file entry37.cif (mmCIF, C-alpha atoms and all ligand atoms)
data_start
loop_
_atom_site.label_atom_id
_atom_site.label_comp_id
_atom_site.auth_asym_id
_atom_site.auth_seq_id
_atom_site.Cartn_x
_atom_site.Cartn_y
_atom_site.Cartn_z
CA MET X 278 41.28 -14.65 -0.84
CA ALA X 279 39.55 -16.16 -3.85
CA ARG X 280 36.87 -17.47 -1.54
CA LEU X 281 36.30 -14.00 -0.09
CA SER X 282 35.90 -12.39 -3.50
CA ASN X 283 33.49 -15.15 -4.51
CA LEU X 284 31.45 -14.41 -1.42
CA LEU X 285 31.51 -10.71 -2.30
CA LEU X 286 30.25 -11.51 -5.79
CA VAL X 287 27.38 -13.56 -4.38
CA VAL X 288 26.43 -10.75 -2.01
CA LEU X 289 26.57 -8.20 -4.82
CA ALA X 290 24.46 -10.40 -7.08
CA ALA X 291 21.89 -10.89 -4.35
CA ALA X 292 21.79 -7.14 -3.70
CA THR X 293 21.33 -6.47 -7.40
CA ILE X 294 18.45 -8.93 -7.65
CA PHE X 295 16.82 -7.37 -4.61
CA CYS X 296 17.16 -3.87 -6.05
CA VAL X 297 15.65 -4.95 -9.35
CA SER X 298 12.71 -6.70 -7.74
CA ALA X 299 11.76 -4.16 -5.06
CA ASP X 300 9.89 -1.05 -6.07
CA VAL X 301 8.62 2.05 -4.36
CA LEU X 302 4.97 2.56 -5.22
CA SER X 303 4.11 6.14 -4.49
CA TYR X 304 0.56 7.49 -4.40
CA THR X 305 -0.82 10.97 -3.82
CA ALA X 306 -3.75 10.64 -1.43
CA THR X 307 -6.81 12.88 -1.34
CA PHE X 308 -10.16 12.60 0.45
CA VAL X 309 -13.12 12.70 -1.92
CA GLN X 310 -16.89 12.26 -2.25
CA CYS X 311 -18.25 8.80 -2.93
CA VAL X 312 -21.74 7.40 -3.43
CA SER X 313 -23.17 5.13 -0.75
CA ASN X 314 -23.54 1.50 -1.90
CA ALA X 315 -21.86 2.41 -5.20
CA SER X 316 -18.43 4.04 -5.29
CA CYS X 317 -18.02 4.18 -1.49
CA PRO X 318 -16.14 1.23 0.01
CA GLN X 319 -18.11 -1.35 1.95
CA GLY X 320 -19.07 -0.05 5.41
CA ASN X 321 -18.61 3.63 4.64
CA PRO X 322 -20.61 5.78 7.09
CA GLY X 323 -23.53 7.53 5.35
CA ARG X 324 -22.88 10.71 7.30
CA PHE X 325 -19.55 11.06 5.52
CA ASN X 326 -19.90 9.50 2.06
CA ARG X 327 -16.24 10.28 1.61
CA THR X 328 -13.18 8.12 1.28
CA PHE X 329 -9.54 8.24 0.30
CA ALA X 330 -8.56 8.44 -3.35
CA LEU X 331 -5.11 7.43 -4.57
CA ASN X 332 -3.89 9.33 -7.63
CA ASP X 333 -7.52 10.45 -8.11
CA ILE X 334 -8.91 6.89 -8.13
CA VAL X 335 -11.48 6.22 -5.40
CA SER X 336 -10.08 3.70 -2.89
CA PRO X 337 -8.44 1.29 -5.35
CA ASN X 338 -7.25 -2.13 -4.22
CA LEU X 339 -3.46 -2.28 -4.42
CA TYR X 340 -1.20 -5.11 -5.60
CA LEU X 341 2.44 -5.28 -4.51
CA MET X 342 5.28 -7.76 -4.32
CA VAL X 343 7.17 -8.73 -1.16
CA GLY X 344 9.97 -6.19 -0.73
CA ASP X 345 8.00 -3.35 -2.27
CA GLN X 346 7.63 -0.10 -0.40
CA LEU X 347 4.20 1.59 -0.40
CA GLU X 348 4.30 5.35 0.04
CA PHE X 349 1.39 7.76 0.56
CA LYS X 350 1.74 11.50 0.09
CA LEU X 351 -1.22 13.31 1.60
CA ALA X 352 -2.40 16.28 -0.51
CA VAL X 353 -5.21 17.46 1.78
CA ASN X 354 -5.84 17.91 5.49
CA VAL X 355 -7.87 15.06 7.00
CA SER X 356 -7.73 15.93 10.69
CA ILE X 357 -10.25 13.28 11.80
CA HIS X 358 -9.30 10.66 9.19
CA PRO X 359 -5.72 9.49 9.83
CA LEU X 360 -4.49 7.62 6.75
CA THR X 361 -3.21 4.31 8.04
CA ILE X 362 -1.69 1.10 6.64
CA CYS X 363 -2.46 -1.97 8.72
CA GLN X 364 -2.86 -5.72 8.96
CA ASN X 365 -5.38 -8.03 10.67
CA SER X 366 -8.32 -5.71 10.06
CA PRO X 367 -11.69 -7.45 9.59
CA LEU X 368 -13.69 -6.08 6.66
CA PRO X 369 -15.17 -3.57 6.27
CA LYS X 370 -13.02 -1.77 8.84
CA PHE X 371 -10.05 -1.05 6.58
CA CYS X 372 -7.82 -0.13 9.56
CA GLN X 373 -10.53 1.44 11.75
CA GLY X 374 -9.42 0.97 15.35
CA SER X 375 -6.07 -0.53 14.41
CA ASN X 376 -3.26 0.05 16.85
CA GLY X 377 -0.17 -1.61 18.26
CA THR X 378 1.46 -4.11 15.94
CA ASP X 379 -1.40 -3.92 13.43
CA VAL X 380 -0.53 -0.37 12.35
CA LEU X 381 2.38 -0.58 9.90
CA ASN X 382 3.10 3.10 9.26
CA VAL X 383 2.89 6.49 10.93
CA PRO X 384 -0.72 7.60 10.28
CA ILE X 385 -0.89 11.00 8.56
CA THR X 386 -3.49 13.81 8.73
CA VAL X 387 -1.81 16.95 7.37
CA ALA X 388 -1.36 17.98 3.74
CA GLY X 389 2.24 17.53 2.70
CA GLN X 390 2.92 14.64 5.03
CA THR X 391 4.39 11.41 3.66
CA THR X 392 4.31 7.97 5.19
CA SER X 393 5.32 4.53 4.03
CA THR X 394 5.81 0.90 4.85
CA THR X 395 7.79 -1.94 3.28
CA PHE X 396 6.08 -5.32 3.07
CA THR X 397 8.28 -8.24 4.06
CA THR X 398 5.58 -10.94 4.11
CA ALA X 399 3.02 -11.91 1.48
CA GLY X 400 -0.61 -11.60 2.45
CA THR X 401 -3.58 -9.29 2.68
CA TYR X 402 -3.20 -5.86 4.22
CA TYR X 403 -5.32 -2.72 4.28
CA TYR X 404 -5.16 1.03 4.12
CA GLY X 405 -7.76 3.50 5.27
CA CYS X 406 -8.95 5.75 8.06
CA ASN X 407 -7.82 4.86 11.54
CA TYR X 408 -11.09 6.24 13.02
CA HIS X 409 -13.87 5.16 10.64
CA PRO X 410 -14.77 2.00 8.70
CA GLY X 411 -15.16 1.88 4.92
CA MET X 412 -12.61 4.53 4.02
CA GLY X 413 -10.00 2.38 2.35
CA ALA X 414 -9.32 -0.83 0.49
CA THR X 415 -7.17 -3.96 0.51
CA ILE X 416 -3.49 -4.34 -0.30
CA THR X 417 -2.52 -7.72 -1.70
CA VAL X 418 1.18 -8.54 -1.36
CA PHE X 419 2.33 -11.38 -3.60
CA PRO X 420 5.27 -13.65 -2.72
CA ASN X 421 8.49 -12.66 -4.43
CA SER X 422 9.22 -16.15 -5.75
CA VAL X 423 12.20 -17.11 -7.91
CA ASP X 424 10.08 -17.11 -11.05
CA SER X 425 8.51 -13.77 -10.20
CA SER X 426 10.26 -12.19 -13.18
CA SER X 427 7.90 -14.17 -15.40
CA SER X 428 4.77 -12.86 -17.07
CA ASN X 429 2.94 -13.45 -13.80
CA ARG X 430 4.94 -10.71 -12.16
CA HIS X 431 4.40 -8.44 -15.15
CA SER X 432 0.66 -8.96 -15.04
CA LYS X 433 0.60 -8.01 -11.36
CA ARG X 434 2.65 -4.96 -12.23
CA ALA X 435 0.22 -4.12 -15.01
CA VAL X 436 -2.63 -4.21 -12.51
CA ALA X 437 -0.73 -1.90 -10.18
CA ALA X 438 0.11 0.45 -13.03
CA ARG X 439 -3.54 0.65 -14.03
CA PHE X 440 -4.18 2.23 -10.68
CA GLY X 441 -1.68 4.96 -11.38
CA ALA X 442 1.20 3.93 -9.17
CA ARG X 443 4.37 5.79 -9.89
CA HIS X 444 7.21 3.25 -9.87
CA GLN X 445 10.54 4.64 -8.75
CU CU L 1 -12.36 8.70 9.01
#
call {"tool": "encode", "arguments": {"input": "entry37.cif", "output": "structure tokens", "more": "lines below"}}
Ligand SMILES: [Cu+2]
result
Amino acid sequence: MARLSNLLLVVLAAATIFCVSADVLSYTATFVQCVSNASCPQGNPGRFNRTFALNDIVSPNLYLMVGDQLEFKLAVNVSIHPLTICQNSPLPKFCQGSNGTDVLNVPITVAGQTTSTTFTTAGTYYYGCNYHPGMGATITVFPNSVDSSSSNRHSKRAVAARFGARHQ
């Protein structure tokens, strides 16, 4: 019986640590003007000169920790620009043409829609338009190491906060 309660304590402690370390980073996404070879992401088609903005910041790179959930809330209709989160996308595609196992969320096109993904592995990921290149940016997911509660983790968080993420 004592052994069982010890096990329960360990499980509870692990769950608590996980809850503390994992965040939901929620962004409101819009689709805005950008300037070719300046504020537009690499590869952006000149005929559009538009890209996604997250919390009014033009296509920011995002920084997350393993276990974090990334959530996009679309505030505008983007019928021909499905907002997608993906992996294995060569630059400057930012998810253009991604399908199958490379798409990590349900792409969204209608104002009011929400979509998300939870990152379980460290690495480089992307978000952007599923149909066109250069309409997104990179997502860097850092390993959630034992010492991740150190200043290193806080500095990564500070970077994320600078880009207006709302931590829940
Ligand atoms: Cu597009």
call {"tool": "atom_distance", "arguments": {"input": "entry37.cif", "atom1": "atom CA of Phe308 of chain X", "atom2": "atom CA of Leu360 of chain X"}}
result
9.8 Å
call {"tool": "residues_near_point", "arguments": {"input": "entry37.cif", "point": "(-19.4, 14.6, 3.1)", "cutoff": "9 Å", "atoms": "only C-alpha atoms", "output": "MDAnalysis selection string"}}
result
chainID X and resid 309:311 323:327
call {"tool": "closest_atom_pairs", "arguments": {"input": "entry37.cif", "of": "chain X", "to": "ligand CU 1 (chain L)", "cutoff": "6 Å", "atoms": "only C-alpha atoms and all ligand atoms", "output": "tab-separated table"}}
result
residue	atom	partner	partner_atom	distance
X:Ile357	CA	L:CU1	CU	5.8
X:His358	CA	L:CU1	CU	3.6
X:Cys406	CA	L:CU1	CU	4.6
X:Tyr408	CA	L:CU1	CU	4.9
X:His409	CA	L:CU1	CU	4.2
call {"tool": "write_last_selection", "arguments": {"input": "entry37.cif", "atoms": "C-alpha atoms", "output": "CSV table (one decimal), keeping the file's coordinate frame"}}
result
chain,number,residue,atom,x,y,z
X,357,ILE,CA,-10.2,13.3,11.8
X,358,HIS,CA,-9.3,10.7,9.2
X,406,CYS,CA,-9.0,5.8,8.1
X,408,TYR,CA,-11.1,6.2,13.0
X,409,HIS,CA,-13.9,5.2,10.6
call {"tool": "closest_residue", "arguments": {"input": "entry37.cif", "among": "X:Met342, X:Leu347, X:Val312, X:Ile362", "to": "Phe419 of chain X", "atoms": "all atoms listed in the file"}}
result
X:Met342
call {"tool": "atom_distance", "arguments": {"input": "entry37.cif", "atom1": "atom CA of Ser303 of chain X", "atom2": "atom CA of Pro322 of chain X"}}
result
27.3 Å
call {"tool": "residues_around", "arguments": {"input": "entry37.cif", "residues": "Ile416 of chain X", "least_positions_apart": "4", "cutoff": "6 Å", "atoms": "only C-alpha atoms", "output": "PDB file with C-alpha atoms, in the frame of the given file"}}
result
ATOM      1  CA  ASN X 338      -7.250  -2.130  -4.220  1.00  0.00           C
ATOM      2  CA  LEU X 339      -3.460  -2.280  -4.420  1.00  0.00           C
ATOM      3  CA  TYR X 340      -1.200  -5.110  -5.600  1.00  0.00           C
ATOM      4  CA  THR X 401      -3.580  -9.290   2.680  1.00  0.00           C
ATOM      5  CA  TYR X 402      -3.200  -5.860   4.220  1.00  0.00           C
ATOM      6  CA  TYR X 403      -5.320  -2.720   4.280  1.00  0.00           C
TER       7      TYR X 403
END
call {"tool": "residues_around", "arguments": {"input": "entry37.cif", "residues": "Thr394 of chain X", "least_positions_apart": "2", "cutoff": "7 Å", "atoms": "all atoms listed in the file", "output": "list in words"}}
result
Gln346, Leu347, Glu348, Leu381, Asn382 and Phe396 of chain X
call {"tool": "atom_distance", "arguments": {"input": "entry37.cif", "atom1": "atom CA of Phe371 of chain X", "atom2": "atom CA of Cys317 of chain X"}}
result
12.5 Å
call {"tool": "residues_around", "arguments": {"input": "entry37.cif", "residues": "Ser336 of chain X", "least_positions_apart": "5", "cutoff": "8 Å", "atoms": "only C-alpha atoms", "output": "PyMOL selection string"}}
result
chain X and resi 318+328-331+412-414
call {"tool": "closest_residue", "arguments": {"input": "entry37.cif", "among": "X:Lys370, X:Asn365, X:Thr386, X:Ala315", "to": "Phe349 of chain X", "atoms": "all atoms listed in the file"}}
result
X:Thr386
call {"tool": "closest_residue", "arguments": {"input": "entry37.cif", "among": "X:Thr395, X:Asn332, X:Ser422, X:Gln373", "to": "Leu351 of chain X", "atoms": "all atoms listed in the file"}}
result
X:Asn332
call {"tool": "axis_aligned_box", "arguments": {"input": "entry37.cif", "around": "segment 339-342 of chain X", "padding_each_side": "4 Å", "output": "JSON"}}
result
{"center_x": 0.9, "center_y": -5.0, "center_z": -5.0, "size_x": 16.7, "size_y": 13.5, "size_z": 9.3}
call {"tool": "residues_around", "arguments": {"input": "entry37.cif", "residues": "Pro359 of chain X", "least_positions_apart": "3", "cutoff": "7 Å", "atoms": "only C-alpha atoms", "output": "short mmCIF file (atom, residue, chain, number, x, y, z; two decimals) with C-alpha atoms, in the frame of the given file"}}
result
data_model
loop_
_atom_site.label_atom_id
_atom_site.label_comp_id
_atom_site.auth_asym_id
_atom_site.auth_seq_id
_atom_site.Cartn_x
_atom_site.Cartn_y
_atom_site.Cartn_z
CA VAL X 355 -7.87 15.06 7.00
CA SER X 356 -7.73 15.93 10.69
CA PRO X 384 -0.72 7.60 10.28
CA ILE X 385 -0.89 11.00 8.56
CA THR X 386 -3.49 13.81 8.73
CA CYS X 406 -8.95 5.75 8.06
CA ASN X 407 -7.82 4.86 11.54
#
call {"tool": "closest_residue", "arguments": {"input": "entry37.cif", "among": "X:Ile334, X:Val380, X:Ala299, X:Cys363", "to": "Asn421 of chain X", "atoms": "only C-alpha atoms"}}
result
X:Ala299
